[in-house]
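Chemist: My file is model_17.cif. It has mmCIF, C-alpha atoms and all ligand atoms:
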data_model
loop_
_atom_site.label_atom_id
_atom_site.label_comp_id
_atom_site.auth_asym_id
_atom_site.auth_seq_id
_atom_site.Cartn_x
_atom_site.Cartn_y
_atom_site.Cartn_z
CA MET A 1 -1.05 75.38 -13.13
CA LYS A 2 -1.78 75.78 -16.86
CA LYS A 3 -2.01 79.44 -17.88
CA ASP A 4 -4.10 78.96 -21.04
CA LYS A 5 -7.63 80.34 -21.08
CA VAL A 6 -10.16 77.65 -20.23
CA THR A 7 -12.83 77.26 -22.91
CA VAL A 8 -15.52 74.69 -23.55
CA LYS A 9 -12.94 72.90 -25.74
CA THR A 10 -10.62 72.65 -22.74
CA PHE A 11 -13.45 70.88 -20.90
CA TYR A 12 -13.57 68.13 -23.57
CA GLN A 13 -9.76 67.83 -23.55
CA MET A 14 -9.70 67.51 -19.76
CA LYS A 15 -12.25 64.70 -19.86
CA LYS A 16 -10.16 62.94 -22.51
CA SER A 17 -6.89 63.33 -20.62
CA GLY A 18 -8.43 62.47 -17.25
CA GLU A 19 -7.50 65.78 -15.63
CA LYS A 20 -10.13 66.62 -13.04
CA ILE A 21 -12.02 69.92 -13.50
CA ALA A 22 -12.09 72.12 -10.38
CA CYS A 23 -15.09 74.46 -10.28
CA LEU A 24 -16.46 76.84 -7.64
CA THR A 25 -19.20 79.43 -7.52
CA ALA A 26 -18.53 83.17 -7.09
CA TYR A 27 -20.79 86.19 -7.06
CA ASP A 28 -18.41 89.15 -6.72
CA PHE A 29 -15.22 90.60 -8.21
CA PHE A 30 -12.84 89.97 -5.29
CA THR A 31 -13.69 86.31 -4.76
CA ALA A 32 -13.66 85.62 -8.50
CA LYS A 33 -10.21 87.24 -8.82
CA ILE A 34 -8.76 84.96 -6.13
CA LEU A 35 -10.35 81.82 -7.61
CA ASP A 36 -9.06 82.71 -11.05
CA GLU A 37 -5.54 83.45 -9.81
CA ILE A 38 -5.23 80.15 -7.93
CA GLY A 39 -6.31 78.11 -10.97
CA ILE A 40 -9.97 77.23 -10.53
CA ASP A 41 -10.98 76.03 -14.01
CA CYS A 42 -14.58 77.17 -14.08
CA ILE A 43 -16.43 79.80 -12.06
CA LEU A 44 -20.19 79.45 -11.91
CA VAL A 45 -22.21 82.52 -11.03
CA GLY A 46 -24.79 80.31 -9.35
CA ASP A 47 -28.36 81.22 -8.53
CA SER A 48 -27.30 79.97 -5.09
CA ALA A 49 -26.51 83.71 -4.76
CA ASN A 50 -30.15 84.03 -3.75
CA MET A 51 -29.40 81.97 -0.62
CA VAL A 52 -25.78 82.70 0.27
CA PHE A 53 -25.63 86.34 -0.87
CA TYR A 54 -29.21 87.58 -0.40
CA GLY A 55 -30.20 85.29 2.49
CA HIS A 56 -33.34 83.73 0.98
CA LYS A 57 -34.47 80.18 1.74
CA THR A 58 -34.42 78.93 -1.89
CA THR A 59 -32.93 79.92 -5.24
CA LEU A 60 -36.35 80.67 -6.73
CA SER A 61 -36.79 84.43 -6.40
CA ILE A 62 -33.58 85.74 -7.97
CA GLY A 63 -34.12 87.57 -11.28
CA VAL A 64 -32.22 87.91 -14.54
CA ASP A 65 -31.15 91.52 -13.80
CA GLN A 66 -29.61 90.49 -10.46
CA MET A 67 -27.83 87.52 -12.02
CA VAL A 68 -26.48 89.65 -14.90
CA TYR A 69 -25.16 92.14 -12.33
CA HIS A 70 -23.28 89.40 -10.41
CA THR A 71 -22.02 87.91 -13.69
CA GLN A 72 -20.57 91.29 -14.72
CA ALA A 73 -18.71 91.54 -11.40
CA VAL A 74 -17.27 88.03 -11.79
CA SER A 75 -16.34 88.21 -15.45
CA SER A 76 -14.56 91.52 -15.03
CA ALA A 77 -12.20 89.82 -12.54
CA VAL A 78 -11.50 86.66 -14.52
CA LYS A 79 -8.69 86.11 -17.01
CA ARG A 80 -8.32 82.32 -17.24
CA ALA A 81 -11.32 80.45 -15.85
CA LEU A 82 -14.43 79.63 -17.85
CA VAL A 83 -17.27 81.86 -16.57
CA ILE A 84 -20.72 80.28 -16.62
CA ALA A 85 -23.91 82.01 -15.49
CA ASP A 86 -26.88 80.22 -13.97
CA MET A 87 -30.22 80.90 -15.66
CA PRO A 88 -32.76 81.85 -12.96
CA PHE A 89 -36.09 80.11 -12.38
CA LEU A 90 -38.63 80.93 -15.13
CA SER A 91 -36.09 82.70 -17.33
CA TYR A 92 -35.90 79.69 -19.70
CA GLN A 93 -38.71 77.24 -18.83
CA THR A 94 -41.44 79.38 -20.44
CA SER A 95 -40.30 79.18 -24.11
CA SER A 96 -37.25 78.73 -26.31
CA SER A 97 -37.34 82.38 -27.29
CA ASP A 98 -37.37 83.49 -23.63
CA ALA A 99 -34.43 81.13 -23.05
CA ILE A 100 -32.48 82.50 -26.01
CA LEU A 101 -33.14 86.15 -25.19
CA ASN A 102 -32.39 85.78 -21.47
CA SER A 103 -29.29 83.64 -21.93
CA GLY A 104 -28.09 86.09 -24.58
CA ARG A 105 -28.08 88.80 -21.89
CA PHE A 106 -25.56 86.80 -19.84
CA LEU A 107 -23.20 86.64 -22.81
CA LYS A 108 -23.81 90.16 -24.16
CA GLU A 109 -24.11 92.15 -20.92
CA GLY A 110 -22.64 89.82 -18.29
CA GLY A 111 -19.52 88.68 -20.12
CA ALA A 112 -20.29 84.99 -19.42
CA GLU A 113 -19.04 82.31 -21.79
CA GLY A 114 -21.99 79.99 -21.32
CA VAL A 115 -25.05 79.38 -19.18
CA LYS A 116 -26.29 76.58 -16.95
CA ILE A 117 -29.82 75.21 -17.22
CA GLU A 118 -31.58 72.87 -14.81
CA GLY A 119 -33.52 69.90 -16.21
CA GLY A 120 -33.09 66.82 -18.39
CA LEU A 121 -35.23 65.32 -21.17
CA GLU A 122 -38.00 67.86 -20.66
CA MET A 123 -35.63 70.80 -21.37
CA ALA A 124 -33.94 69.21 -24.40
CA GLU A 125 -35.84 71.09 -27.14
CA THR A 126 -35.13 74.47 -25.55
CA ILE A 127 -31.47 73.71 -24.88
CA LYS A 128 -31.03 72.45 -28.45
CA ARG A 129 -32.35 75.78 -29.83
CA MET A 130 -30.03 77.75 -27.54
CA ILE A 131 -27.01 75.75 -28.67
CA GLU A 132 -28.03 76.23 -32.32
CA MET A 133 -27.94 79.98 -31.62
CA GLY A 134 -24.34 79.70 -30.42
CA ILE A 135 -24.94 79.73 -26.68
CA PRO A 136 -22.84 77.13 -24.82
CA VAL A 137 -24.99 75.26 -22.30
CA MET A 138 -23.99 73.33 -19.19
CA GLY A 139 -26.77 70.95 -18.17
CA HIS A 140 -27.78 70.24 -14.57
CA ILE A 141 -29.65 67.10 -13.48
CA GLY A 142 -30.22 65.13 -10.29
CA LEU A 143 -31.31 67.39 -7.48
CA ILE A 144 -32.39 70.53 -9.29
CA PRO A 145 -32.92 73.22 -6.64
CA GLN A 146 -35.34 75.26 -8.79
CA SER A 147 -37.77 72.31 -8.49
CA ILE A 148 -37.30 72.00 -4.76
CA HIS A 149 -41.02 72.28 -3.97
CA GLN A 150 -41.84 69.56 -6.48
CA LEU A 151 -39.03 67.32 -5.19
CA GLY A 152 -40.25 67.89 -1.62
CA GLY A 153 -36.81 68.64 -0.15
CA TYR A 154 -33.07 68.27 -0.65
CA SER A 155 -32.95 64.47 -0.94
CA VAL A 156 -30.64 62.15 -2.89
CA GLN A 157 -31.97 61.52 -6.42
CA GLY A 158 -31.95 58.46 -8.68
CA LYS A 159 -32.18 55.79 -6.00
CA ASP A 160 -35.19 54.12 -7.62
CA GLU A 161 -34.95 52.46 -11.03
CA LYS A 162 -37.37 54.82 -12.79
CA LYS A 163 -35.47 57.96 -11.74
CA ARG A 164 -32.09 56.31 -12.40
CA LYS A 165 -33.19 55.51 -15.97
CA TYR A 166 -34.55 59.03 -16.47
CA LEU A 167 -31.26 60.60 -15.26
CA LEU A 168 -29.14 58.34 -17.47
CA GLU A 169 -31.33 59.04 -20.50
CA SER A 170 -31.30 62.76 -19.72
CA ALA A 171 -27.49 62.82 -19.57
CA LYS A 172 -27.26 61.03 -22.93
CA LYS A 173 -29.80 63.42 -24.48
CA LEU A 174 -27.96 66.49 -23.15
CA GLU A 175 -24.76 65.16 -24.70
CA GLU A 176 -26.52 64.41 -28.01
CA ILE A 177 -27.94 67.94 -28.35
CA GLY A 178 -24.56 69.55 -27.65
CA CYS A 179 -24.26 70.50 -23.97
CA PHE A 180 -20.56 70.94 -23.20
CA SER A 181 -20.85 69.47 -19.69
CA ILE A 182 -23.44 68.40 -17.11
CA VAL A 183 -23.67 69.14 -13.39
CA LEU A 184 -24.79 66.06 -11.44
CA GLU A 185 -26.21 67.05 -8.07
CA SER A 186 -26.99 64.80 -5.10
CA ILE A 187 -27.07 61.38 -6.72
CA THR A 188 -25.47 58.15 -5.55
CA LYS A 189 -21.78 57.67 -6.35
CA GLU A 190 -22.69 54.56 -8.37
CA LEU A 191 -25.00 56.56 -10.63
CA GLY A 192 -22.43 59.38 -10.85
CA LYS A 193 -19.94 56.78 -12.13
CA GLU A 194 -22.40 55.16 -14.53
CA ILE A 195 -23.37 58.51 -16.10
CA SER A 196 -19.76 59.74 -16.27
CA GLU A 197 -18.71 56.55 -18.06
CA SER A 198 -21.68 56.66 -20.44
CA ILE A 199 -21.04 60.07 -22.02
CA ARG A 200 -18.09 61.85 -23.64
CA ILE A 201 -18.77 65.29 -22.17
CA PRO A 202 -17.50 66.03 -18.66
CA THR A 203 -19.72 65.55 -15.62
CA ILE A 204 -19.27 68.03 -12.79
CA GLY A 205 -20.36 66.54 -9.50
CA ILE A 206 -21.82 68.16 -6.41
CA GLY A 207 -22.65 65.30 -4.10
CA ALA A 208 -22.26 62.78 -6.95
CA GLY A 209 -19.07 60.95 -5.92
CA LEU A 210 -15.46 60.78 -6.99
CA SER A 211 -16.00 59.33 -10.46
CA CYS A 212 -17.31 62.60 -11.91
CA ASP A 213 -14.91 64.37 -14.27
CA GLY A 214 -14.91 67.47 -12.08
CA GLN A 215 -16.35 68.84 -8.87
CA ILE A 216 -18.18 72.01 -7.92
CA LEU A 217 -19.11 73.48 -4.55
CA VAL A 218 -20.58 76.76 -3.39
CA VAL A 219 -17.66 78.96 -2.35
CA ASN A 220 -19.45 80.29 0.75
CA ASP A 221 -19.90 76.67 1.91
CA ILE A 222 -16.22 75.71 1.64
CA LEU A 223 -15.16 78.94 3.36
CA GLY A 224 -17.56 78.50 6.28
CA LEU A 225 -19.39 81.70 5.35
CA PHE A 226 -22.78 80.05 5.03
CA GLU A 227 -23.61 78.74 8.46
CA GLU A 228 -27.35 78.00 8.11
CA PHE A 229 -26.83 74.32 7.20
CA LYS A 230 -24.10 72.07 5.77
CA PRO A 231 -25.04 69.38 3.25
CA LYS A 232 -23.17 66.03 3.60
CA PHE A 233 -21.22 66.70 0.37
CA VAL A 234 -19.68 69.97 1.58
CA ARG A 235 -16.11 70.00 2.88
CA ARG A 236 -15.27 73.13 4.85
CA TYR A 237 -11.74 74.37 4.20
CA ALA A 238 -12.00 77.47 6.42
CA GLU A 239 -14.18 78.98 9.10
CA LEU A 240 -14.33 82.53 7.77
CA GLY A 241 -17.71 83.22 9.36
CA LYS A 242 -16.16 82.70 12.80
CA GLU A 243 -13.04 84.63 11.77
CA ILE A 244 -15.07 87.64 10.57
CA ARG A 245 -17.08 87.60 13.80
CA ARG A 246 -13.90 87.57 15.91
CA ALA A 247 -12.25 90.37 13.90
CA CYS A 248 -15.31 92.63 13.97
CA GLU A 249 -15.81 92.01 17.72
CA ARG A 250 -12.22 93.09 18.36
CA TYR A 251 -12.77 96.23 16.29
CA ARG A 252 -16.00 97.06 18.15
CA GLU A 253 -14.25 96.61 21.51
CA ASP A 254 -11.33 98.79 20.42
CA VAL A 255 -13.72 101.56 19.32
CA LYS A 256 -15.76 101.36 22.55
CA SER A 257 -12.69 101.33 24.78
CA GLY A 258 -10.93 104.15 22.92
CA LYS A 259 -8.07 101.91 21.69
CA PHE A 260 -8.83 102.66 18.04
CA PRO A 261 -7.51 104.72 16.34
CA SER A 262 -3.96 104.97 17.70
CA ASP A 263 -1.61 107.90 17.09
CA GLU A 264 -0.06 106.03 14.14
CA GLU A 265 -3.51 105.61 12.62
CA SER A 266 -4.27 109.34 12.97
CA TYR A 267 -3.19 112.36 10.85
O1 LIG B 1 -26.40 77.69 -7.99
C1 LIG B 1 -25.43 76.96 -7.75
O2 LIG B 1 -24.55 77.34 -7.00
C2 LIG B 1 -25.38 75.65 -8.40
C3 LIG B 1 -24.41 74.60 -8.04
C4 LIG B 1 -24.18 73.57 -9.05
C5 LIG B 1 -23.33 74.77 -7.14
O3 LIG B 1 -26.18 75.41 -9.25
#
Would you put the structure from the file into structure tokens?
Ligand code: KIV

Modeler:
Amino acid sequence: MKKDKVTVKTFYQMKKSGEKIACLTAYDFFTAKILDEIGIDCILVGDSANMVFYGHKTTLSIGVDQMVYHTQAVSSAVKRALVIADMPFLSYQTSSSDAILNSGRFLKEGGAEGVKIEGGLEMAETIKRMIEMGIPVMGHIGLIPQSIHQLGGYSVQGKDEKKRKYLLESAKKLEEIGCFSIVLESITKELGKEISESIRIPTIGIGAGLSCDGQILVVNDILGLFEEFKPKFVRRYAELGKEIRRACERYREDVKSGKFPSDEESY
């Protein structure tokens, strides 16, 4: 594992050299510390926190203060990975100045090194202004969860020609205005390949196939900590939800039956 600090420049170099970029989400100090130590290249403080940390049905209701708080916890644990914070719903769509002021909070107070913004062509003017102000921006197109009610559900995007064209044009526009990478969510693997081969900045796929320059998943999903539902693109590497249940049940039984604490565990 390379020890050098990952920056947005490293992202470009990795795309050039063909080294895949491994990204995960994190929302707290302890998880972020482990991910950083094992060599995850980029840690996204995702607004998925609203679902997997706070238990809400969508990402919509999380606020900037909450996201800054999680970003502080993550960035204080991280030495090597690039830390990116997700901009919450309505913290950037309303105006460029809202976007600049709110994203600035993630860099100034949260310790993030960039922010992620959902949306393509329609967000280009705002994102351009942010980048001009020195704020690195990761784009996010395809299935954009903040528009879930407009999309009408978590379905695969870009299957029809009109949407495919829009996504390809959006990716090219995001590259042109200076985004340092783009998350591609829930699109066909063919479109993931086409977009990845059409731009020089790295694509980070989540349900967008193997041709993306990197991959990202929600950490709670890969650890089996989020048991509500499992999208097709998630691979579970552990069943920590079950493990936690078993451990806590054993503790409860030991307390009830008087087996805990033992003499060795007492003063
Ligand atoms: O909020 C999130 O976790 C995301 C993903 C890209 C994983 O936006």

Chemist: Report, in Å with one decimal, the straight-line distance from atom CA of A:Ser196 to atom CA of A:Cys212.

Modeler: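 Atom CA of A:Ser196 sits 5.8 Å away from atom CA of A:Cys212.
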
Chemist: Please identify every residue of chain A that has at least one atom no farther than 7 Å from an atom of ligand LIG 1 (chain B), counting only C-alpha atoms and all ligand atoms, and for each give the shortest atom pair and the distance in Å to one decimal, arranged by chain then increasing number, as CSV.

Modeler:
residue,atom,partner,partner_atom,distance
A:Thr25,CA,B:LIG1,O2,5.8
A:Leu44,CA,B:LIG1,O2,6.9
A:Val45,CA,B:LIG1,O2,7.0
A:Gly46,CA,B:LIG1,O1,3.4
A:Asp47,CA,B:LIG1,O1,4.1
A:Ser48,CA,B:LIG1,O1,3.8
A:Ala49,CA,B:LIG1,O1,6.8
A:Asp86,CA,B:LIG1,O1,6.5
A:Val183,CA,B:LIG1,C4,6.2
A:Glu185,CA,B:LIG1,C4,6.9
A:Ile206,CA,B:LIG1,C4,6.5
A:Ile216,CA,B:LIG1,C5,5.9
A:Leu217,CA,B:LIG1,C5,5.1
A:Val218,CA,B:LIG1,C5,5.1

Chemist: Could you dump the residues just selected with C-alpha atoms as a short mmCIF file (atom, residue, chain, number, x, y, z; two decimals), in the frame of the given file?

Modeler:
data_model
loop_
_atom_site.label_atom_id
_atom_site.label_comp_id
_atom_site.auth_asym_id
_atom_site.auth_seq_id
_atom_site.Cartn_x
_atom_site.Cartn_y
_atom_site.Cartn_z
CA THR A 25 -19.20 79.43 -7.52
CA LEU A 44 -20.19 79.45 -11.91
CA VAL A 45 -22.21 82.52 -11.03
CA GLY A 46 -24.79 80.31 -9.35
CA ASP A 47 -28.36 81.22 -8.53
CA SER A 48 -27.30 79.97 -5.09
CA ALA A 49 -26.51 83.71 -4.76
CA ASP A 86 -26.88 80.22 -13.97
CA VAL A 183 -23.67 69.14 -13.39
CA GLU A 185 -26.21 67.05 -8.07
CA ILE A 206 -21.82 68.16 -6.41
CA ILE A 216 -18.18 72.01 -7.92
CA LEU A 217 -19.11 73.48 -4.55
CA VAL A 218 -20.58 76.76 -3.39
#

Chemist: If you count all atoms listed in the file, which residues fall within 12 Å of A:Phe11, apart from same-chain ones fewer than 6 positions away, as an MDAnalysis selection string?

Modeler: chainID A and resid 5 17:23 41:42 81:82 136 138 179:182 200:204 213:214

Chemist: Write to file, as a PDB file, in the coordinates of the input, the residues of the selection just made, with C-alpha atoms.

Modeler:
ATOM      1  CA  LYS A   5      -7.630  80.340 -21.080  1.00  0.00           C
ATOM      2  CA  SER A  17      -6.890  63.330 -20.620  1.00  0.00           C
ATOM      3  CA  GLY A  18      -8.430  62.470 -17.250  1.00  0.00           C
ATOM      4  CA  GLU A  19      -7.500  65.780 -15.630  1.00  0.00           C
ATOM      5  CA  LYS A  20     -10.130  66.620 -13.040  1.00  0.00           C
ATOM      6  CA  ILE A  21     -12.020  69.920 -13.500  1.00  0.00           C
ATOM      7  CA  ALA A  22     -12.090  72.120 -10.380  1.00  0.00           C
ATOM      8  CA  CYS A  23     -15.090  74.460 -10.280  1.00  0.00           C
ATOM      9  CA  ASP A  41     -10.980  76.030 -14.010  1.00  0.00           C
ATOM     10  CA  CYS A  42     -14.580  77.170 -14.080  1.00  0.00           C
ATOM     11  CA  ALA A  81     -11.320  80.450 -15.850  1.00  0.00           C
ATOM     12  CA  LEU A  82     -14.430  79.630 -17.850  1.00  0.00           C
ATOM     13  CA  PRO A 136     -22.840  77.130 -24.820  1.00  0.00           C
ATOM     14  CA  MET A 138     -23.990  73.330 -19.190  1.00  0.00           C
ATOM     15  CA  CYS A 179     -24.260  70.500 -23.970  1.00  0.00           C
ATOM     16  CA  PHE A 180     -20.560  70.940 -23.200  1.00  0.00           C
ATOM     17  CA  SER A 181     -20.850  69.470 -19.690  1.00  0.00           C
ATOM     18  CA  ILE A 182     -23.440  68.400 -17.110  1.00  0.00           C
ATOM     19  CA  ARG A 200     -18.090  61.850 -23.640  1.00  0.00           C
ATOM     20  CA  ILE A 201     -18.770  65.290 -22.170  1.00  0.00           C
ATOM     21  CA  PRO A 202     -17.500  66.030 -18.660  1.00  0.00           C
ATOM     22  CA  THR A 203     -19.720  65.550 -15.620  1.00  0.00           C
ATOM     23  CA  ILE A 204     -19.270  68.030 -12.790  1.00  0.00           C
ATOM     24  CA  ASP A 213     -14.910  64.370 -14.270  1.00  0.00           C
ATOM     25  CA  GLY A 214     -14.910  67.470 -12.080  1.00  0.00           C
TER      26      GLY A 214
END

Chemist: Between atom CA of A:Asn102 and atom CA of A:Ile127, what is the distance in Å, rounded to a tenth?

Modeler: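 Atom-to-atom, atom CA of A:Asn102 and atom CA of A:Ile127 are spaced 12.6 Å apart.
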
Chemist: Here is a test: counting all atoms listed in the file, which residue of A:Leu24, A:Gln13, A:Lys162, A:Lys172 is nearest to A:Ile38?

Modeler: A:Leu24

Chemist: Which residues come within 10 Å of A:Arg80, counting only C-alpha atoms, excluding same-chain residues fewer than 5 positions away, as a short mmCIF file (atom, residue, chain, number, x, y, z; two decimals) with C-alpha atoms, in the frame of the given file?

Modeler:
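Output file part.cif is given in full below:
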data_model
loop_
_atom_site.label_atom_id
_atom_site.label_comp_id
_atom_site.auth_asym_id
_atom_site.auth_seq_id
_atom_site.Cartn_x
_atom_site.Cartn_y
_atom_site.Cartn_z
CA LYS A 2 -1.78 75.78 -16.86
CA LYS A 3 -2.01 79.44 -17.88
CA ASP A 4 -4.10 78.96 -21.04
CA LYS A 5 -7.63 80.34 -21.08
CA VAL A 6 -10.16 77.65 -20.23
CA THR A 7 -12.83 77.26 -22.91
CA LYS A 33 -10.21 87.24 -8.82
CA LEU A 35 -10.35 81.82 -7.61
CA ASP A 36 -9.06 82.71 -11.05
CA GLU A 37 -5.54 83.45 -9.81
CA GLY A 39 -6.31 78.11 -10.97
CA ILE A 40 -9.97 77.23 -10.53
CA ASP A 41 -10.98 76.03 -14.01
CA CYS A 42 -14.58 77.17 -14.08
CA ILE A 43 -16.43 79.80 -12.06
#

Chemist: Near A:Ala124, counting all atoms listed in the file, which residues have an atom at most 9 Å away, once you skip same-chain residues fewer than 5 positions from it, shown as a short mmCIF file (atom, residue, chain, number, x, y, z; two decimals) with C-alpha atoms, in the coordinates of the input?

Modeler:
data_model
loop_
_atom_site.label_atom_id
_atom_site.label_comp_id
_atom_site.auth_asym_id
_atom_site.auth_seq_id
_atom_site.Cartn_x
_atom_site.Cartn_y
_atom_site.Cartn_z
CA GLY A 119 -33.52 69.90 -16.21
CA ARG A 129 -32.35 75.78 -29.83
CA SER A 170 -31.30 62.76 -19.72
CA LYS A 173 -29.80 63.42 -24.48
CA LEU A 174 -27.96 66.49 -23.15
CA ILE A 177 -27.94 67.94 -28.35
#

Chemist: How many Å lie between atom CA of A:Leu90 and atom CA of A:Ser155, rounded to one decimal?

Modeler: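 Going from atom CA of A:Leu90 over to atom CA of A:Ser155 covers 22.5 Å.
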
Chemist: Could you please fill out stretch 58-66 of chain A with all heavy atoms and send it back as a PDB file, in the coordinates of the input?

Modeler:
ATOM      1  N   THR A  58     -34.593  79.736  -0.673  1.00  0.00           N
ATOM      2  CA  THR A  58     -34.420  78.930  -1.890  1.00  0.00           C
ATOM      3  C   THR A  58     -33.765  79.788  -2.970  1.00  0.00           C
ATOM      4  O   THR A  58     -33.553  80.984  -2.761  1.00  0.00           O
ATOM      5  CB  THR A  58     -35.784  78.432  -2.440  1.00  0.00           C
ATOM      6  OG1 THR A  58     -36.501  79.568  -2.949  1.00  0.00           O
ATOM      7  CG2 THR A  58     -36.617  77.735  -1.382  1.00  0.00           C
ATOM      8  N   THR A  59     -33.526  79.158  -4.130  1.00  0.00           N
ATOM      9  CA  THR A  59     -32.930  79.920  -5.240  1.00  0.00           C
ATOM     10  C   THR A  59     -34.000  80.594  -6.111  1.00  0.00           C
ATOM     11  O   THR A  59     -33.674  81.306  -7.063  1.00  0.00           O
ATOM     12  CB  THR A  59     -32.121  78.951  -6.162  1.00  0.00           C
ATOM     13  OG1 THR A  59     -33.007  77.949  -6.672  1.00  0.00           O
ATOM     14  CG2 THR A  59     -30.979  78.297  -5.418  1.00  0.00           C
ATOM     15  N   LEU A  60     -35.265  80.361  -5.780  1.00  0.00           N
ATOM     16  CA  LEU A  60     -36.350  80.670  -6.730  1.00  0.00           C
ATOM     17  C   LEU A  60     -36.549  82.140  -7.084  1.00  0.00           C
ATOM     18  O   LEU A  60     -36.904  82.463  -8.211  1.00  0.00           O
ATOM     19  CB  LEU A  60     -37.680  80.101  -6.201  1.00  0.00           C
ATOM     20  CG  LEU A  60     -37.722  78.582  -6.059  1.00  0.00           C
ATOM     21  CD1 LEU A  60     -39.078  78.121  -5.560  1.00  0.00           C
ATOM     22  CD2 LEU A  60     -37.412  77.918  -7.375  1.00  0.00           C
ATOM     23  N   SER A  61     -36.333  83.050  -6.148  1.00  0.00           N
ATOM     24  CA  SER A  61     -36.790  84.430  -6.400  1.00  0.00           C
ATOM     25  C   SER A  61     -35.760  85.339  -7.069  1.00  0.00           C
ATOM     26  O   SER A  61     -36.071  86.490  -7.371  1.00  0.00           O
ATOM     27  CB  SER A  61     -37.274  85.059  -5.088  1.00  0.00           C
ATOM     28  OG  SER A  61     -36.239  85.030  -4.128  1.00  0.00           O
ATOM     29  N   ILE A  62     -34.563  84.848  -7.335  1.00  0.00           N
ATOM     30  CA  ILE A  62     -33.580  85.740  -7.970  1.00  0.00           C
ATOM     31  C   ILE A  62     -33.989  85.995  -9.432  1.00  0.00           C
ATOM     32  O   ILE A  62     -34.560  85.127 -10.088  1.00  0.00           O
ATOM     33  CB  ILE A  62     -32.141  85.166  -7.856  1.00  0.00           C
ATOM     34  CG1 ILE A  62     -31.112  86.291  -8.045  1.00  0.00           C
ATOM     35  CG2 ILE A  62     -31.896  84.014  -8.841  1.00  0.00           C
ATOM     36  CD1 ILE A  62     -29.749  85.990  -7.464  1.00  0.00           C
ATOM     37  N   GLY A  63     -33.705  87.199  -9.917  1.00  0.00           N
ATOM     38  CA  GLY A  63     -34.120  87.570 -11.280  1.00  0.00           C
ATOM     39  C   GLY A  63     -32.939  87.667 -12.237  1.00  0.00           C
ATOM     40  O   GLY A  63     -31.774  87.619 -11.825  1.00  0.00           O
ATOM     41  N   VAL A  64     -33.260  87.837 -13.514  1.00  0.00           N
ATOM     42  CA  VAL A  64     -32.220  87.910 -14.540  1.00  0.00           C
ATOM     43  C   VAL A  64     -31.338  89.152 -14.319  1.00  0.00           C
ATOM     44  O   VAL A  64     -30.108  89.063 -14.410  1.00  0.00           O
ATOM     45  CB  VAL A  64     -32.838  87.910 -15.955  1.00  0.00           C
ATOM     46  CG1 VAL A  64     -31.769  88.108 -17.013  1.00  0.00           C
ATOM     47  CG2 VAL A  64     -33.581  86.607 -16.209  1.00  0.00           C
ATOM     48  N   ASP A  65     -31.947  90.292 -13.996  1.00  0.00           N
ATOM     49  CA  ASP A  65     -31.150  91.520 -13.800  1.00  0.00           C
ATOM     50  C   ASP A  65     -30.112  91.319 -12.683  1.00  0.00           C
ATOM     51  O   ASP A  65     -28.951  91.700 -12.838  1.00  0.00           O
ATOM     52  CB  ASP A  65     -32.042  92.713 -13.425  1.00  0.00           C
ATOM     53  CG  ASP A  65     -32.848  93.198 -14.613  1.00  0.00           C
ATOM     54  OD1 ASP A  65     -32.517  92.826 -15.752  1.00  0.00           O
ATOM     55  OD2 ASP A  65     -33.830  93.936 -14.389  1.00  0.00           O
ATOM     56  N   GLN A  66     -30.552  90.725 -11.572  1.00  0.00           N
ATOM     57  CA  GLN A  66     -29.610  90.490 -10.460  1.00  0.00           C
ATOM     58  C   GLN A  66     -28.481  89.561 -10.896  1.00  0.00           C
ATOM     59  O   GLN A  66     -27.314  89.793 -10.604  1.00  0.00           O
ATOM     60  CB  GLN A  66     -30.335  89.831  -9.272  1.00  0.00           C
ATOM     61  CG  GLN A  66     -31.143  90.771  -8.412  1.00  0.00           C
ATOM     62  CD  GLN A  66     -32.067  89.964  -7.522  1.00  0.00           C
ATOM     63  OE1 GLN A  66     -32.970  89.277  -8.010  1.00  0.00           O
ATOM     64  NE2 GLN A  66     -31.832  90.014  -6.221  1.00  0.00           N
TER      65      GLN A  66
END
